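Student: Before I ask anything, here is the structure I am working with.
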Amino acid sequence: MRYEDFRREYLAGGLSREMLNDCPIRQFEQWLEQTVGSELQDPTAMVLSTIDDAGRPWQRIVLMKGVSTAGFVFYTNFTSNKARDIAGNPQVSLLFPWNVLDRQVIVGGRAEKMSVAESARYFLSRPRESQLAAWASAQSRPISKRALLEAQVQKMRDRFGRGEIPMPDFWGGYRVVPERIEFWQGGAHRLHDRFRYTRQDDSGWGIEQLQP
């Protein structure tokens with residue numbers, strides 16, 4: 001199979017400065033709404049990139065659980081590899097790969113832990129099985145067989161019975177405070193449209209067009 005022969009034209013539409021909102025979060029929300037309307041599966045899925053203590057990058061898909069002018073929110077176990085990486089280097093990158101629409105959004109910024117109260121509000125809204133899984137899994141740690149994990153979940157079921165399941169103290173949310181956000185729209189003949197917002201301290205955002 002000749003992978004180098006896989007190519008196509010990007011014809012979903014162009015992007016110009018006049019089409020952009022001055023606020024990148026508002027622009028993101030507009031694109032997200034259109035993505036949800038396109039019935040793309042998992043429209044809030046994003047690739048989170050971190051750097052470990054040896055300077056090696058790693059990526060994984062997580063689900064965005066909130067967005068505002070303050071940043072992009074996701075939740076995880078604080079003993080996971082991603083959380084350990086963030087503890088050593090809070091600079092992260094997010095990528096929303098909306099290929100069906102010939103679009104992608106790239107976010108660069110700093111990951112900050114959310115308050116216990118904010119995390120608890122979300123945790124208590126989760127399905128019960130997801131709450132049990134958060135307690136049962138020592139995320140990112142090795143396990144010899146799946147049966148051990150399933151046994152741990154049952155142990156948590158027995159522990160909490162039918163009562164309310166509290167949020168573990170090793171679990172919670174991060175908010176990625178953006179410093180750069182790039183909007184990419186595919187164009188014909190590889191002449192893609194790219195615009196990058198860069199935070200200008202307290203004066204808002206600067207916008208520049210990038211060559212494809």
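Ordering of the structure tokens sets the chain letters (A, B, ...), residue numbers begin anew at 1 in every chain, and ligands are numbered from 1 in the order given.
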If we count only C-alpha atoms, what is near Gln59 in chain A at a cut-off of 12 Å, once residues fewer than 6 positions away on the same chain are taken out, given as a list in words?
Tutor: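 Here the answer would be Met46, Val47, Leu48, Ser49, Thr50, Ile51, Asp52, Asn81, Lys82, Asp85, Val92, Ser93, Leu94 and Leu95 of chain A.
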Student: Grab the residues selected above and save them as a PDB file, in the first residue's frame with C-alpha atoms.
Tutor:
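As a result, part-v6.pdb now contains:
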ATOM      1  CA  MET A  46      -9.567  16.776  22.009  1.00  0.00           C
ATOM      2  CA  VAL A  47      -5.980  15.575  21.859  1.00  0.00           C
ATOM      3  CA  LEU A  48      -4.084  16.641  24.981  1.00  0.00           C
ATOM      4  CA  SER A  49      -0.305  16.878  24.632  1.00  0.00           C
ATOM      5  CA  THR A  50       1.997  17.013  27.653  1.00  0.00           C
ATOM      6  CA  ILE A  51       5.747  16.830  28.280  1.00  0.00           C
ATOM      7  CA  ASP A  52       7.181  14.424  30.857  1.00  0.00           C
ATOM      8  CA  ASN A  81       0.528  10.161  33.602  1.00  0.00           C
ATOM      9  CA  LYS A  82      -1.049  13.328  32.231  1.00  0.00           C
ATOM     10  CA  ASP A  85       3.375  15.536  33.458  1.00  0.00           C
ATOM     11  CA  VAL A  92       0.138  21.854  27.343  1.00  0.00           C
ATOM     12  CA  SER A  93      -1.462  21.783  23.919  1.00  0.00           C
ATOM     13  CA  LEU A  94      -4.974  20.810  22.837  1.00  0.00           C
ATOM     14  CA  LEU A  95      -6.072  19.793  19.343  1.00  0.00           C
TER      15      LEU A  95
END
Student: List every residue of range 61-132 of chain A that has an atom at most 8 Å from any atom of range 25-36 of chain A, giving for each one its closest atom pair and the distance in Å to one decimal, counting only C-alpha atoms, sorted by chain and then by ascending residue number, as JSON lines.
Tutor:
{"residue": "A:Val67", "atom": "CA", "partner": "A:Ile25", "partner_atom": "CA", "distance": 7.8}
{"residue": "A:Ser68", "atom": "CA", "partner": "A:Ile25", "partner_atom": "CA", "distance": 6.8}
{"residue": "A:Thr69", "atom": "CA", "partner": "A:Ile25", "partner_atom": "CA", "distance": 5.9}
{"residue": "A:Trp98", "atom": "CA", "partner": "A:Thr35", "partner_atom": "CA", "distance": 7.4}
{"residue": "A:Leu101", "atom": "CA", "partner": "A:Thr35", "partner_atom": "CA", "distance": 7.5}
{"residue": "A:Val105", "atom": "CA", "partner": "A:Phe28", "partner_atom": "CA", "distance": 7.9}
Student: I need the strand (DSSP E) residues of chain A per DSSP on the backbone, written as a ChimeraX atom specification.
Tutor: /A:45-51,57-63,66-68,71-77,91-98,103-113,171-185,193-199,205-210
Student: Which residues are close to Phe96 in chain A, i.e. within 9 Å by only C-alpha atoms, leaving aside same-chain residues fewer than 4 positions away? Reply as a list of chain:residue names.
Tutor: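 Using only C-alpha atoms, the neighbours found are A:Pro43, A:Thr44, A:Ala45, A:Met46, A:Val47, A:Arg103, A:Gln104, A:Val105, A:Ile106, A:Val107.
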Student: Given the choices A:Gln211, A:Ser144, A:Thr76, A:Asn89, which gets closest to Pro168 in chain A if the distance is worked out from only C-alpha atoms?
Tutor: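 Looking at the shortest contact to Pro168 in chain A, the residue is A:Thr76.
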Student: Contacts of range 110-116 of chain A at 7 Å or less, counting only C-alpha atoms, minus same-chain residues fewer than 2 places along, as a count of residues only?
Tutor: 13
Student: Report the distance between CA of Trp171 in chain A and CA of Arg141 in chain A in Å, rounded to one decimal place.
Tutor: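 Those two atoms sit 14.9 Å apart.
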Student: What is the CA of Ile61 in chain A to CA of Arg128 in chain A distance in Å?
Tutor: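 Pair CA of Ile61 in chain A / CA of Arg128 in chain A returns 22.3 Å.
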Student: Extract, using only C-alpha atoms, all DNA, RNA and protein residues at most 12 Å from Glu164 in chain A, discarding same-chain residues fewer than 4 positions from it, and format them as a PyMOL selection string.
Tutor: chain A and resi 123-128+131-132+156-157+159-160
Student: Calculated over only C-alpha atoms, which of the candidates A:Asp102, A:Trp135, A:Ala83, A:Ile165 has the smallest distance to Arg194 in chain A?
Tutor: A:Asp102
Student: Nearest to Gly204 in chain A: which of A:Arg180, A:Arg190, A:Ala136, A:Gly172 is it, counting only C-alpha atoms?
Tutor: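 Closest candidate: A:Arg180.
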Student: Nearest to Trp58 in chain A: which of A:Glu179, A:Asp22, A:Arg84, A:Gln185 is it, counting only C-alpha atoms?
Tutor: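 Of all the options, A:Arg84 lies closest to Trp58 in chain A.
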Student: For CA of Gly109 in chain A and CA of Asp202 in chain A, determine how far apart the two atoms are, in Å to one decimal place.
Tutor: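 About the pair CA of Gly109 in chain A and CA of Asp202 in chain A: they are 15.7 Å apart.
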Student: If DSSP is run on the backbone, what residues of range 63-137 of chain A are helix (DSSP H, G or I)? A reply as number ranges by chain would be ideal.
Tutor: A: 81-88, 99-101, 116-123, 128-136
Student: Write out as a list in words each polymer residue whose atoms come within 10 Å of Ala133 in chain A, counting only C-alpha atoms; drop sequence neighbours fewer than 5 positions from it.
Tutor: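 Here the qualifying residues turn out to be Arg128, Ala138, Gln139, Leu149, Glu150, Gln152, Val153, Gln154, Met156 and Arg157 of chain A.
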Student: Write out the residues from the selection above, keeping all heavy atoms, as an mmCIF file, in the first residue's frame.
Tutor:
data_model
loop_
_atom_site.group_PDB
_atom_site.id
_atom_site.type_symbol
_atom_site.label_atom_id
_atom_site.label_comp_id
_atom_site.auth_asym_id
_atom_site.auth_seq_id
_atom_site.Cartn_x
_atom_site.Cartn_y
_atom_site.Cartn_z
ATOM 1 N N ARG A 128 -23.306 6.906 37.804
ATOM 2 C CA ARG A 128 -22.782 6.190 38.967
ATOM 3 C C ARG A 128 -21.624 5.256 38.602
ATOM 4 O O ARG A 128 -20.637 5.163 39.338
ATOM 5 C CB ARG A 128 -23.907 5.398 39.635
ATOM 6 C CG ARG A 128 -23.541 4.821 41.002
ATOM 7 C CD ARG A 128 -24.734 4.209 41.690
ATOM 8 N NE ARG A 128 -24.398 3.746 43.033
ATOM 9 C CZ ARG A 128 -24.347 4.510 44.106
ATOM 10 N NH1 ARG A 128 -24.619 5.799 44.003
ATOM 11 N NH2 ARG A 128 -24.027 4.010 45.294
ATOM 12 N N ALA A 138 -6.471 2.911 39.304
ATOM 13 C CA ALA A 138 -5.226 3.642 39.551
ATOM 14 C C ALA A 138 -4.680 4.015 38.178
ATOM 15 O O ALA A 138 -3.786 3.364 37.637
ATOM 16 C CB ALA A 138 -4.243 2.776 40.326
ATOM 17 N N GLN A 139 -5.234 5.058 37.618
ATOM 18 C CA GLN A 139 -5.043 5.385 36.204
ATOM 19 C C GLN A 139 -3.580 5.459 35.799
ATOM 20 O O GLN A 139 -2.753 6.040 36.504
ATOM 21 C CB GLN A 139 -5.727 6.712 35.897
ATOM 22 C CG GLN A 139 -5.927 6.966 34.420
ATOM 23 C CD GLN A 139 -6.727 8.243 34.187
ATOM 24 O OE1 GLN A 139 -6.183 9.265 33.781
ATOM 25 N NE2 GLN A 139 -8.011 8.190 34.462
ATOM 26 N N LEU A 149 -9.195 -5.365 37.701
ATOM 27 C CA LEU A 149 -9.851 -4.063 37.669
ATOM 28 C C LEU A 149 -11.346 -4.210 37.915
ATOM 29 O O LEU A 149 -11.946 -3.440 38.674
ATOM 30 C CB LEU A 149 -9.594 -3.401 36.317
ATOM 31 C CG LEU A 149 -10.190 -2.004 36.109
ATOM 32 C CD1 LEU A 149 -9.666 -1.016 37.141
ATOM 33 C CD2 LEU A 149 -9.890 -1.512 34.691
ATOM 34 N N GLU A 150 -11.948 -5.211 37.292
ATOM 35 C CA GLU A 150 -13.381 -5.436 37.485
ATOM 36 C C GLU A 150 -13.680 -5.804 38.932
ATOM 37 O O GLU A 150 -14.713 -5.393 39.485
ATOM 38 C CB GLU A 150 -13.855 -6.528 36.530
ATOM 39 C CG GLU A 150 -13.794 -6.082 35.060
ATOM 40 C CD GLU A 150 -14.092 -7.204 34.094
ATOM 41 O OE1 GLU A 150 -14.097 -8.384 34.533
ATOM 42 O OE2 GLU A 150 -14.304 -6.918 32.903
ATOM 43 N N GLN A 152 -11.996 -4.717 41.475
ATOM 44 C CA GLN A 152 -11.868 -3.476 42.231
ATOM 45 C C GLN A 152 -13.141 -2.631 42.108
ATOM 46 O O GLN A 152 -13.567 -1.991 43.074
ATOM 47 C CB GLN A 152 -10.650 -2.696 41.748
ATOM 48 C CG GLN A 152 -10.323 -1.455 42.553
ATOM 49 C CD GLN A 152 -9.905 -1.744 43.990
ATOM 50 O OE1 GLN A 152 -9.677 -2.899 44.367
ATOM 51 N NE2 GLN A 152 -9.822 -0.710 44.795
ATOM 52 N N VAL A 153 -13.743 -2.625 40.912
ATOM 53 C CA VAL A 153 -15.005 -1.907 40.729
ATOM 54 C C VAL A 153 -16.084 -2.505 41.622
ATOM 55 O O VAL A 153 -16.844 -1.781 42.272
ATOM 56 C CB VAL A 153 -15.443 -1.949 39.248
ATOM 57 C CG1 VAL A 153 -16.862 -1.373 39.098
ATOM 58 C CG2 VAL A 153 -14.478 -1.164 38.376
ATOM 59 N N GLN A 154 -16.146 -3.839 41.685
ATOM 60 C CA GLN A 154 -17.140 -4.487 42.547
ATOM 61 C C GLN A 154 -16.892 -4.158 44.014
ATOM 62 O O GLN A 154 -17.833 -3.946 44.788
ATOM 63 C CB GLN A 154 -17.107 -5.997 42.333
ATOM 64 C CG GLN A 154 -18.184 -6.748 43.096
ATOM 65 C CD GLN A 154 -19.583 -6.272 42.747
ATOM 66 O OE1 GLN A 154 -19.945 -6.205 41.572
ATOM 67 N NE2 GLN A 154 -20.372 -5.920 43.759
ATOM 68 N N MET A 156 -15.736 -1.397 45.126
ATOM 69 C CA MET A 156 -16.265 -0.054 45.328
ATOM 70 C C MET A 156 -17.790 -0.064 45.402
ATOM 71 O O MET A 156 -18.387 0.675 46.188
ATOM 72 C CB MET A 156 -15.794 0.879 44.208
ATOM 73 C CG MET A 156 -14.302 1.152 44.185
ATOM 74 S SD MET A 156 -13.705 1.969 45.702
ATOM 75 C CE MET A 156 -12.828 0.597 46.478
ATOM 76 N N ARG A 157 -18.438 -0.922 44.588
ATOM 77 C CA ARG A 157 -19.896 -1.044 44.675
ATOM 78 C C ARG A 157 -20.312 -1.483 46.073
ATOM 79 O O ARG A 157 -21.261 -0.955 46.660
ATOM 80 C CB ARG A 157 -20.403 -2.058 43.645
ATOM 81 C CG ARG A 157 -20.379 -1.601 42.209
ATOM 82 C CD ARG A 157 -21.279 -2.464 41.337
ATOM 83 N NE ARG A 157 -21.098 -2.141 39.925
ATOM 84 C CZ ARG A 157 -20.327 -2.826 39.100
ATOM 85 N NH1 ARG A 157 -19.663 -3.890 39.526
ATOM 86 N NH2 ARG A 157 -20.218 -2.461 37.836
#
Student: Considering only C-alpha atoms, can you say which of A:Ser140, A:Asn99, A:Asn77, A:Thr198 comes closest to Pro24 in chain A?
Tutor: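 Answer, going by the shortest atom-to-atom distance: A:Thr198.
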